[in-house]
$ cat input38.cif   # mmCIF, C-alpha atoms
data_structure
loop_
_atom_site.label_atom_id
_atom_site.label_comp_id
_atom_site.auth_asym_id
_atom_site.auth_seq_id
_atom_site.Cartn_x
_atom_site.Cartn_y
_atom_site.Cartn_z
CA ALA L 1 -58.56 -104.35 -147.29
CA ALA L 2 -58.91 -105.96 -150.73
CA HIS L 3 -55.40 -107.38 -150.59
CA GLU L 4 -56.07 -108.70 -147.08
CA ARG L 5 -59.14 -110.55 -148.40
CA VAL L 6 -57.20 -112.07 -151.30
CA LEU L 7 -54.31 -113.21 -149.08
CA PHE L 8 -56.68 -114.51 -146.40
CA GLU L 9 -58.69 -116.69 -148.78
CA ARG L 10 -55.58 -117.92 -150.59
CA LEU L 11 -53.94 -119.08 -147.34
CA MET L 12 -57.19 -120.54 -145.92
CA ILE L 13 -57.74 -122.60 -149.08
CA GLN L 14 -54.15 -123.82 -149.12
CA SER L 15 -54.33 -124.61 -145.41
CA ARG L 16 -57.57 -126.61 -145.73
CA ARG L 17 -56.06 -128.62 -148.60
CA GLY L 18 -52.82 -129.20 -146.70
CA ASP L 19 -51.05 -127.59 -149.65
CA VAL L 20 -49.40 -124.48 -148.17
CA GLN L 21 -46.18 -123.59 -149.93
CA SER L 22 -43.56 -122.64 -147.40
CA GLN L 23 -40.36 -120.68 -147.90
CA SER L 24 -37.28 -121.01 -145.70
CA LEU L 25 -36.05 -117.79 -144.12
CA LEU L 26 -32.48 -116.77 -144.94
CA LEU L 27 -31.93 -115.99 -141.27
CA PRO L 28 -34.08 -117.91 -138.79
CA GLU L 29 -35.53 -115.74 -136.02
CA THR L 30 -35.64 -116.55 -132.33
CA VAL L 31 -38.77 -115.27 -130.63
CA PRO L 32 -38.87 -115.05 -126.83
CA LEU L 33 -42.37 -115.13 -125.32
CA SER L 34 -43.75 -114.77 -121.82
CA PRO L 35 -44.40 -118.10 -120.06
CA ALA L 36 -48.18 -117.74 -120.54
CA ASP L 37 -47.89 -116.87 -124.25
CA ALA L 38 -45.36 -119.67 -124.80
CA ALA L 39 -47.71 -122.21 -123.18
CA ARG L 40 -50.60 -121.09 -125.42
CA LEU L 41 -48.45 -121.21 -128.54
CA ARG L 42 -46.99 -124.60 -127.63
CA LYS L 43 -50.49 -126.15 -127.74
CA HIS L 44 -50.96 -125.03 -131.35
CA LEU L 45 -47.57 -125.50 -132.98
CA ASP L 46 -49.03 -128.15 -135.28
CA VAL L 47 -51.58 -125.67 -136.64
CA LEU L 48 -48.89 -123.11 -137.37
CA GLN L 49 -46.84 -125.78 -139.14
CA GLU L 50 -49.88 -126.81 -141.21
CA MET L 51 -50.18 -123.15 -142.21
CA GLY L 52 -46.62 -123.13 -143.58
CA PHE L 53 -44.73 -121.68 -140.65
CA GLY L 54 -41.55 -123.45 -139.62
CA VAL L 55 -41.81 -123.01 -135.85
CA SER L 56 -40.15 -125.09 -133.18
CA GLU L 57 -39.30 -124.75 -129.52
CA PHE L 58 -35.83 -123.41 -128.90
CA GLY L 59 -35.78 -123.68 -125.13
CA GLY L 60 -37.53 -121.99 -122.25
CA GLY L 61 -40.12 -119.64 -123.67
CA THR L 62 -38.21 -119.07 -126.91
CA PHE L 63 -39.25 -120.35 -130.32
CA LEU L 64 -37.31 -120.61 -133.57
CA VAL L 65 -39.01 -119.52 -136.80
CA ASP L 66 -37.24 -120.76 -139.93
CA ALA L 67 -39.99 -120.70 -142.59
CA ALA L 68 -43.14 -118.79 -143.57
CA PRO L 69 -45.94 -119.26 -146.13
CA VAL L 70 -44.91 -118.04 -149.59
CA CYS L 71 -48.19 -116.16 -150.14
CA LEU L 72 -47.45 -113.90 -147.16
CA GLY L 73 -44.42 -112.41 -148.86
CA GLY L 74 -42.45 -110.04 -146.66
CA VAL L 75 -44.29 -110.50 -143.38
CA SER L 76 -41.88 -110.67 -140.44
CA ALA L 77 -42.37 -114.19 -139.12
CA GLY L 78 -40.94 -113.21 -135.73
CA GLU L 79 -43.26 -110.23 -135.28
CA PHE L 80 -46.16 -112.34 -136.46
CA LEU L 81 -45.38 -115.08 -133.94
CA ARG L 82 -45.43 -112.50 -131.14
CA GLU L 83 -48.99 -111.57 -132.17
CA ILE L 84 -50.32 -115.14 -132.24
CA PRO L 85 -51.13 -115.44 -128.52
CA GLY L 86 -53.30 -112.31 -128.79
CA ALA L 87 -55.14 -113.77 -131.77
CA MET L 88 -55.59 -116.97 -129.80
CA ASP L 89 -57.14 -115.00 -126.92
CA GLU L 90 -59.53 -113.24 -129.35
CA ALA L 91 -60.62 -116.50 -130.93
CA GLY L 92 -60.53 -118.55 -127.73
CA GLY L 93 -63.90 -117.49 -126.43
CA ARG L 94 -65.54 -117.80 -129.81
CA GLY L 95 -65.06 -121.42 -130.53
CA ALA L 96 -63.10 -124.16 -132.06
CA ARG L 97 -59.73 -124.67 -133.60
CA GLY L 98 -61.05 -123.61 -137.03
CA ARG L 99 -61.93 -120.17 -135.70
CA TRP L 100 -58.49 -119.85 -134.16
CA ARG L 101 -56.94 -120.71 -137.52
CA GLU L 102 -59.06 -118.01 -139.18
CA GLU L 103 -57.88 -115.42 -136.64
CA VAL L 104 -54.25 -116.36 -137.21
CA VAL L 105 -54.62 -116.27 -141.00
CA ALA L 106 -56.46 -112.92 -140.79
CA GLU L 107 -53.62 -111.49 -138.69
CA ALA L 108 -51.03 -112.80 -141.15
CA ALA L 109 -52.95 -111.41 -144.14
CA CYS L 110 -53.26 -108.03 -142.43
CA ARG L 111 -49.50 -107.87 -141.81
CA ALA L 112 -48.60 -108.98 -145.36
CA ALA L 113 -51.10 -106.84 -147.29
CA VAL L 114 -50.16 -103.67 -149.11
CA ARG L 115 -50.88 -100.45 -147.24
CA SER L 116 -52.70 -97.37 -148.47
CA ARG L 117 -49.38 -95.47 -148.63
CA ASP L 118 -47.75 -98.16 -150.80
CA LYS L 119 -47.34 -97.38 -154.49
CA LEU L 120 -48.84 -99.97 -156.83
CA SER L 121 -48.37 -100.19 -160.57
CA LEU L 122 -51.44 -100.19 -162.79
CA GLU L 123 -50.79 -103.87 -163.50
CA ALA L 124 -50.70 -104.67 -159.76
CA ILE L 125 -53.96 -102.77 -159.19
CA GLU L 126 -55.65 -104.60 -162.07
CA ARG L 127 -54.37 -107.96 -160.74
CA LEU L 128 -55.72 -107.12 -157.28
CA VAL L 129 -59.16 -106.27 -158.68
CA VAL L 130 -59.23 -109.53 -160.67
CA ASP L 131 -58.05 -111.52 -157.63
CA LEU L 132 -60.63 -109.84 -155.38
CA ALA L 133 -63.40 -110.66 -157.87
CA GLY L 134 -62.34 -114.32 -157.64
CA THR L 135 -62.76 -114.54 -153.85
CA GLU L 136 -65.74 -116.07 -152.07
CA MET L 137 -66.44 -112.89 -150.09
CA PRO L 138 -65.14 -109.90 -152.07
CA TYR L 139 -67.06 -107.25 -150.09
CA THR L 140 -65.08 -107.12 -146.84
CA SER L 141 -61.64 -107.80 -145.43
CA PRO L 142 -61.32 -110.77 -143.05
CA ARG L 143 -61.86 -108.31 -140.19
CA GLY L 144 -64.98 -106.78 -141.74
CA ARG L 145 -63.65 -103.60 -143.36
CA PRO L 146 -65.32 -102.86 -146.71
CA THR L 147 -63.38 -103.57 -149.88
CA LEU L 148 -66.04 -102.11 -152.18
CA VAL L 149 -68.34 -99.17 -151.77
CA PHE L 150 -71.45 -98.84 -153.91
CA THR L 151 -72.44 -95.32 -154.90
CA SER L 152 -75.52 -94.93 -157.04
CA LEU L 153 -75.57 -92.62 -160.03
CA SER L 154 -78.11 -90.42 -158.28
CA GLU L 155 -75.78 -90.13 -155.26
CA LEU L 156 -72.91 -89.10 -157.52
CA HIS L 157 -75.11 -86.47 -159.16
CA ARG L 158 -76.16 -85.16 -155.77
CA LYS L 159 -72.55 -84.93 -154.54
CA PHE L 160 -71.44 -83.09 -157.67
CA GLY L 161 -74.40 -80.72 -157.72
CA ARG L 162 -76.11 -82.24 -160.75
CA SER L 163 -79.84 -82.76 -160.83
CA SER L 164 -79.88 -85.51 -163.49
CA ALA L 165 -77.59 -87.55 -165.69
CA TYR L 166 -78.42 -85.36 -168.66
CA SER L 167 -77.77 -81.99 -167.04
CA THR L 168 -75.74 -79.64 -169.25
CA ARG L 169 -74.25 -77.50 -166.49
#
$ encode --input "input38.cif" --output "structure tokens"
Amino acid sequence: AAHERVLFERLMIQSRRGDVQSQSLLLPETVPLSPADAARLRKHLDVLQEMGFGVSEFGGGTFLVDAAPVCLGGVSAGEFLREIPGAMDEAGGRGARGRWREEVVAEAACRAAVRSRDKLSLEAIERLVVDLAGTEMPYTSPRGRPTLVFTSLSELHRKFGRSSAYSTR
């Protein structure tokens, strides 16, 4: 959740500035979509391109993805593109183009973020904590999951069967 927040804010800031660094894919991916999904995606190709995705129509309901934002690392651009119409549906009823962009960036951050089963070095963990502290909203992921949990000293004592901080048991 913390890594999702960091990636989300990094891509949103770059996107707002028009400064998203994009990386060409070694092997471009073709992504076939249903006619309805293709029509929805077609309307917003410019937004995806502003976000650093190299997406173009390939014919029929198929799109070609040849680049992705650098900050998203190993996210599969093809799989991500298949998820976009769903994100558009989620955001569609809630408002404007900016909200749609947030949904798309949140989906991308979720797919690119480290998972709980992934092994991180101590250096990577420390970097993540520092990066999270530098975000505008460090308390939740873009989808609202907590990134920090506050536990008071008295709660810790209660959970470990201690009556006070100075107990000698």
$ resolve_selection --input "input38.cif" --expression "the PyMOL selection byres ((chain L and resi 52-69) around 9)" --output "PyMOL selection string"
chain L and resi 11+15+19-39+42+45-51+70-73+75-78+81
$ atom_distance --input "input38.cif" --atom1 "CA of Glu107 (chain L)" --atom2 "CA of Arg17 (chain L)"
19.9 Å
$ resolve_selection --input "input38.cif" --expression "the PyMOL selection byres ((chain L and resi 108) around 8)" --output "list in words"
Phe8, Leu72, Val75, Phe80, Val104, Val105, Ala106, Glu107, Ala109, Cys110, Arg111 and Ala112 of chain L
$ resolve_selection --input "input38.cif" --expression "the PyMOL selection byres ((chain L and resi 135) around 9)" --output "ChimeraX atom specification"
/L:5-6,9-10,131-134,136-138
$ atom_distance --input "input38.cif" --atom1 "CA of Glu126 (chain L)" --atom2 "CA of Leu156 (chain L)"
23.6 Å
$ atom_distance --input "input38.cif" --atom1 "CA of Leu7 (chain L)" --atom2 "CA of Ala124 (chain L)"
14.1 Å
$ closest_residue --input "input38.cif" --among "L:Ser116, L:Pro142, L:His44, L:Thr147" --to "Val129 (chain L)" --atoms "all atoms listed in the file"
L:Thr147
$ closest_residue --input "input38.cif" --among "L:Glu102, L:Leu128, L:Tyr139, L:Arg158" --to "Val114 (chain L)" --atoms "all atoms listed in the file"
L:Leu128
$ decode --input "input38.cif" --residues "region 9-98 of chain L" --atoms "C-alpha atoms" --output "PDB file, in the first residue's frame"
ATOM      1  CA  GLU L   9       1.843  10.453  -6.468  1.00  0.00           C
ATOM      2  CA  ARG L  10       5.014  10.273  -8.560  1.00  0.00           C
ATOM      3  CA  LEU L  11       3.064   9.529 -11.759  1.00  0.00           C
ATOM      4  CA  MET L  12       0.300  12.059 -10.974  1.00  0.00           C
ATOM      5  CA  ILE L  13       2.864  14.828 -10.437  1.00  0.00           C
ATOM      6  CA  GLN L  14       4.740  13.931 -13.617  1.00  0.00           C
ATOM      7  CA  SER L  15       1.469  13.722 -15.538  1.00  0.00           C
ATOM      8  CA  ARG L  16       0.249  17.133 -14.328  1.00  0.00           C
ATOM      9  CA  ARG L  17       3.581  18.699 -15.316  1.00  0.00           C
ATOM     10  CA  GLY L  18       3.573  16.978 -18.705  1.00  0.00           C
ATOM     11  CA  ASP L  19       6.923  15.494 -17.720  1.00  0.00           C
ATOM     12  CA  VAL L  20       6.301  11.725 -17.681  1.00  0.00           C
ATOM     13  CA  GLN L  21       9.383   9.762 -18.637  1.00  0.00           C
ATOM     14  CA  SER L  22       8.444   6.964 -20.978  1.00  0.00           C
ATOM     15  CA  GLN L  23      10.359   3.814 -21.836  1.00  0.00           C
ATOM     16  CA  SER L  24       9.991   1.900 -25.091  1.00  0.00           C
ATOM     17  CA  LEU L  25       9.079  -1.761 -24.742  1.00  0.00           C
ATOM     18  CA  LEU L  26      11.505  -4.267 -26.258  1.00  0.00           C
ATOM     19  CA  LEU L  27       8.554  -6.115 -27.755  1.00  0.00           C
ATOM     20  CA  PRO L  28       5.435  -4.057 -28.451  1.00  0.00           C
ATOM     21  CA  GLU L  29       2.209  -5.761 -27.375  1.00  0.00           C
ATOM     22  CA  THR L  30      -1.007  -5.983 -29.342  1.00  0.00           C
ATOM     23  CA  VAL L  31      -4.100  -5.809 -27.169  1.00  0.00           C
ATOM     24  CA  PRO L  32      -7.450  -6.900 -28.591  1.00  0.00           C
ATOM     25  CA  LEU L  33     -10.495  -5.378 -26.870  1.00  0.00           C
ATOM     26  CA  SER L  34     -14.231  -5.826 -27.208  1.00  0.00           C
ATOM     27  CA  PRO L  35     -15.911  -3.239 -29.449  1.00  0.00           C
ATOM     28  CA  ALA L  36     -17.391  -1.410 -26.428  1.00  0.00           C
ATOM     29  CA  ASP L  37     -14.069  -1.329 -24.536  1.00  0.00           C
ATOM     30  CA  ALA L  38     -12.201  -0.255 -27.681  1.00  0.00           C
ATOM     31  CA  ALA L  39     -14.645   2.632 -28.223  1.00  0.00           C
ATOM     32  CA  ARG L  40     -14.186   3.821 -24.616  1.00  0.00           C
ATOM     33  CA  LEU L  41     -10.414   3.576 -24.845  1.00  0.00           C
ATOM     34  CA  ARG L  42     -10.308   5.322 -28.215  1.00  0.00           C
ATOM     35  CA  LYS L  43     -11.870   8.450 -26.655  1.00  0.00           C
ATOM     36  CA  HIS L  44      -9.031   8.718 -24.131  1.00  0.00           C
ATOM     37  CA  LEU L  45      -5.911   7.721 -26.044  1.00  0.00           C
ATOM     38  CA  ASP L  46      -4.511  11.222 -25.603  1.00  0.00           C
ATOM     39  CA  VAL L  47      -4.714  10.909 -21.806  1.00  0.00           C
ATOM     40  CA  LEU L  48      -2.873   7.597 -21.865  1.00  0.00           C
ATOM     41  CA  GLN L  49      -0.194   9.132 -24.079  1.00  0.00           C
ATOM     42  CA  GLU L  50       0.150  12.100 -21.694  1.00  0.00           C
ATOM     43  CA  MET L  51       0.679   9.540 -18.922  1.00  0.00           C
ATOM     44  CA  GLY L  52       3.636   8.005 -20.782  1.00  0.00           C
ATOM     45  CA  PHE L  53       1.957   5.076 -22.500  1.00  0.00           C
ATOM     46  CA  GLY L  54       2.729   4.580 -26.166  1.00  0.00           C
ATOM     47  CA  VAL L  55      -0.697   3.400 -27.344  1.00  0.00           C
ATOM     48  CA  SER L  56      -2.082   3.528 -30.848  1.00  0.00           C
ATOM     49  CA  GLU L  57      -4.853   1.882 -32.802  1.00  0.00           C
ATOM     50  CA  PHE L  58      -3.736  -1.191 -34.683  1.00  0.00           C
ATOM     51  CA  GLY L  59      -6.965  -1.966 -36.490  1.00  0.00           C
ATOM     52  CA  GLY L  60     -10.414  -3.148 -35.532  1.00  0.00           C
ATOM     53  CA  GLY L  61     -10.581  -3.325 -31.759  1.00  0.00           C
ATOM     54  CA  THR L  62      -6.856  -3.970 -31.364  1.00  0.00           C
ATOM     55  CA  PHE L  63      -4.349  -1.507 -29.927  1.00  0.00           C
ATOM     56  CA  LEU L  64      -0.565  -1.495 -30.029  1.00  0.00           C
ATOM     57  CA  VAL L  65       1.348  -0.661 -26.841  1.00  0.00           C
ATOM     58  CA  ASP L  66       4.998   0.204 -27.437  1.00  0.00           C
ATOM     59  CA  ALA L  67       5.945   2.283 -24.373  1.00  0.00           C
ATOM     60  CA  ALA L  68       5.134   2.641 -20.664  1.00  0.00           C
ATOM     61  CA  PRO L  69       5.993   5.154 -17.904  1.00  0.00           C
ATOM     62  CA  VAL L  70       9.444   4.497 -16.425  1.00  0.00           C
ATOM     63  CA  CYS L  71       8.197   4.843 -12.835  1.00  0.00           C
ATOM     64  CA  LEU L  72       5.866   1.861 -13.292  1.00  0.00           C
ATOM     65  CA  GLY L  73       8.768  -0.512 -13.796  1.00  0.00           C
ATOM     66  CA  GLY L  74       7.718  -4.028 -14.713  1.00  0.00           C
ATOM     67  CA  VAL L  75       3.983  -3.521 -15.116  1.00  0.00           C
ATOM     68  CA  SER L  76       2.640  -5.399 -18.135  1.00  0.00           C
ATOM     69  CA  ALA L  77       1.421  -2.625 -20.415  1.00  0.00           C
ATOM     70  CA  GLY L  78      -0.857  -5.032 -22.286  1.00  0.00           C
ATOM     71  CA  GLU L  79      -2.545  -6.342 -19.137  1.00  0.00           C
ATOM     72  CA  PHE L  80      -2.848  -2.803 -17.863  1.00  0.00           C
ATOM     73  CA  LEU L  81      -4.508  -1.639 -21.074  1.00  0.00           C
ATOM     74  CA  ARG L  82      -7.091  -4.419 -20.734  1.00  0.00           C
ATOM     75  CA  GLU L  83      -8.007  -3.038 -17.292  1.00  0.00           C
ATOM     76  CA  ILE L  84      -8.431   0.580 -18.429  1.00  0.00           C
ATOM     77  CA  PRO L  85     -12.042   0.302 -19.637  1.00  0.00           C
ATOM     78  CA  GLY L  86     -13.044  -1.024 -16.196  1.00  0.00           C
ATOM     79  CA  ALA L  87     -11.298   1.892 -14.499  1.00  0.00           C
ATOM     80  CA  MET L  88     -13.070   4.223 -16.895  1.00  0.00           C
ATOM     81  CA  ASP L  89     -16.427   2.707 -15.910  1.00  0.00           C
ATOM     82  CA  GLU L  90     -15.598   3.158 -12.197  1.00  0.00           C
ATOM     83  CA  ALA L  91     -14.603   6.782 -12.667  1.00  0.00           C
ATOM     84  CA  GLY L  92     -17.233   7.579 -15.298  1.00  0.00           C
ATOM     85  CA  GLY L  93     -20.085   8.165 -12.909  1.00  0.00           C
ATOM     86  CA  ARG L  94     -17.948  10.142 -10.504  1.00  0.00           C
ATOM     87  CA  GLY L  95     -16.905  13.008 -12.641  1.00  0.00           C
ATOM     88  CA  ALA L  96     -14.467  14.580 -14.936  1.00  0.00           C
ATOM     89  CA  ARG L  97     -11.437  13.612 -16.901  1.00  0.00           C
ATOM     90  CA  GLY L  98      -9.171  14.322 -13.908  1.00  0.00           C
TER      91      GLY L  98
END
